[in-house]
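For reference, the structure is listed below as structure tokens.
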Amino acid sequence: MTRTILVTGGAGYIGSHTTLVLLQAGFQVVVLDSLCNASAESLKRVAQLAGREPVFVQGDIRDRALLDQLLAHHPVQAVMHFAGLKAVGESVAQPLRYYENNVGGTINLCQAMAAAGVFTLVFSSSATVYGDPATVPITEDQPVGQTTNPYGRSKFMVEQVLGDLAVADARWRVALLRYFNPVGAHESGLMGEDPNGIPNNLLPYITQVAVGKLPELAVFGNDYPTPDGTGVRDYIHVLDLAEGHLCALKALQTRTGAHVWNLGTGQGYSVLEMVRAFEAASGRPVPYRISPRRSGDIANCYADPTKARKELGWGAQRGLPDMMRDAWRWQSMNPNGYSGGRN
Ligand code: NAD
Ligand code: UD1
């Protein structure tokens, strides 16, 4: 049984919720995070909720000496690899930084893992690798690689690298988890998403409008081929996503090679449905204005989660009202996020 897990990017949004779920399931957790897009306060909240602390190492996945030292000092049996940069617009402006961090960082991590004899890796991929899908719901065997920006390409490249690695060396056990749209927060209101600056993603934008930090939501296009003309996505509660990682880790105990699983609910919601669901859950109005389409956006993107259900025994348990309630509780209890922790 795997007991000690290295979680890279464990102070971030998805990594911190997964660290909590791992601790609650009895694992030892070592978090490696540079805090380039997170605050150590998230890990204090994790400790508060779990009743025990993860080990925290502040550092970079590109630092090979640090990785070697960390893996020598802790009996790590598997790695959950969340560390990465994720802002699409920024990736267009700074492609080398994104490729160096996301692709180069992952290669460095794998080299250090192999040298330490650790061959089990759960990787945060994204539905962005499907590009603009020919059909929905999206199954894992649909074509990948038609990505529209360096961020998306960095995820696609890492999938290729990890696939090649698993072919070359049968000791590797790799899960490529393609997340759809993670939203929501821990139900306590103590942990959630703390975007840097003005949010790019829909739900944090909605919650910041509702709390009065932003004046109105710009709805990016209402002329898409969707039921109400606004973009449709598969929003998944971050705790369902976190639990999917534990199921993937368990599945790797009986599988070698690289395996792809979609982590989505299978249900698509439009932007306007999201606005209405949020208003119903929070009792707050969300003023919005129909605006031009955002460059690079697609009409429809939602998962066929059958493979994860069959092979991982995992399915999302939380519905849209839960996602909205928890996102709102987090935002209203922490209007400035993990304030003060980020510089
Ligand atoms: P996040 O920014 O909150 O978390 C990423 C963490 O990695 C941050 O804490 C950051 O400080 C850390 N980090 C970045 N580069 C690092 C480095 N070189 N060394 C050490 N730490 C580093 O993002 P998140 O939303 O929690 O996403 C986690 C992972 O999931 C990312 O790889 C992201 O690309 C992927 N993903 C996210 C989404 C989403 O919508 N949030 C969707 C699909 C995939
Ligand atoms: C975006 C990223 C994608 C990433 C995903 C999850 C882009 C082009 N794509 O995708 O690479 O994997 O986030 O992190 O940035 N919307 C509005 N107004 C807003 C914000 C969003 O109308 O202020 C709409 C969008 O047009 C879309 C939906 O809301 O239809 C969801 O947007 P978002 O949360 O940014 O996620 P994705 O577009 O799926």
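Quick note on naming: the chains in the structure tokens go A, B, ... in the order shown, residues restart at 1 in each chain, and ligands are numbered from 1 in order of appearance.
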
As a quick test: using only C-alpha atoms and all ligand atoms, which residues lie no more than 6 Å away from ligand 2? Give them as a list in words.
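If we count only C-alpha atoms and all ligand atoms, the neighbours of ligand 2 turn out to be Val88, Ser126, Thr128, Asn181, Asn200, Asn201, Leu202, Tyr205, Leu217, Ala218, Val219, Phe220, Gly231, Val232, Arg233, Val271, Gly296 and Asp297 of chain A.
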
Please give me, as an MDAnalysis selection string, the residues lying within 7 Å of ligand 1 when counting only C-alpha atoms and all ligand atoms.
chainID A and resid 8:15 32:38 59:62 82:86 101 105 124:127 178:182

May I have the residues within 10 Å of A:Cys110 as a ChimeraX atom specification, using only C-alpha atoms and disregarding those fewer than 2 positions away in the same chain?
/A:61,79,104-108,112-116,118-121,161-162,165,172

I'd like the interatomic distance between atom CA of A:Gly266 and atom CA of A:Thr139, to a tenth of an Å.
10.2 Å

Among stretch 140-312 of chain A, which ones does DSSP assign to alpha helix (DSSP H) (computed from the backbone)? Answer as a ChimeraX atom specification.
/A:150-168,202-210,238-252,271-282,306-312

Compare A:Leu214, A:Ala175, A:Met323, A:Ala248 by their minimum atom-to-atom distance to A:Ile236, counting only C-alpha atoms, and give me the closest one.
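Residue with the minimum atom-to-atom distance to A:Ile236: A:Met323.
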
A:Arg97, A:His17, A:Arg64, A:Arg276: which is nearest A:Ala47, counting only C-alpha atoms?
A:His17

With distances taken over only C-alpha atoms, which residue among A:Pro133, A:Pro321, A:Pro75, A:Gly315 lies nearest A:Phe27?
A:Pro75

Rounded to one decimal, what separation in Å do you get between atom CA of A:Ala280 and atom CA of A:Ser332?
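Distance reported for this atom pair: 15.3 Å.
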
Write out as an MDAnalysis selection string the set of residues from stretch 80-281 of chain A that DSSP, computed on the backbone, places in strand (DSSP E).
chainID A and resid 80:81 120:126 173:179 181:183 217:220 232:233 235:237 257:263 269:270

Using only C-alpha atoms, pick whichever of A:Leu177, A:Leu249, A:Val129, A:Ile5 has the shortest atom-to-atom distance to A:Thr147.
A:Val129

Pick the closest to A:Ser291 from A:Ser339, A:Asn222, A:Asn262, A:Ser91: which is it, counting only C-alpha atoms?
A:Asn222

Fewer than 4 positions away in the same chain doesn't count, so skip those; otherwise give me all residues within 12 Å of A:Glu243, counting only C-alpha atoms, as an MDAnalysis selection string.
chainID A and resid 14:15 17:25 236:239 247:250 263 308 312:318
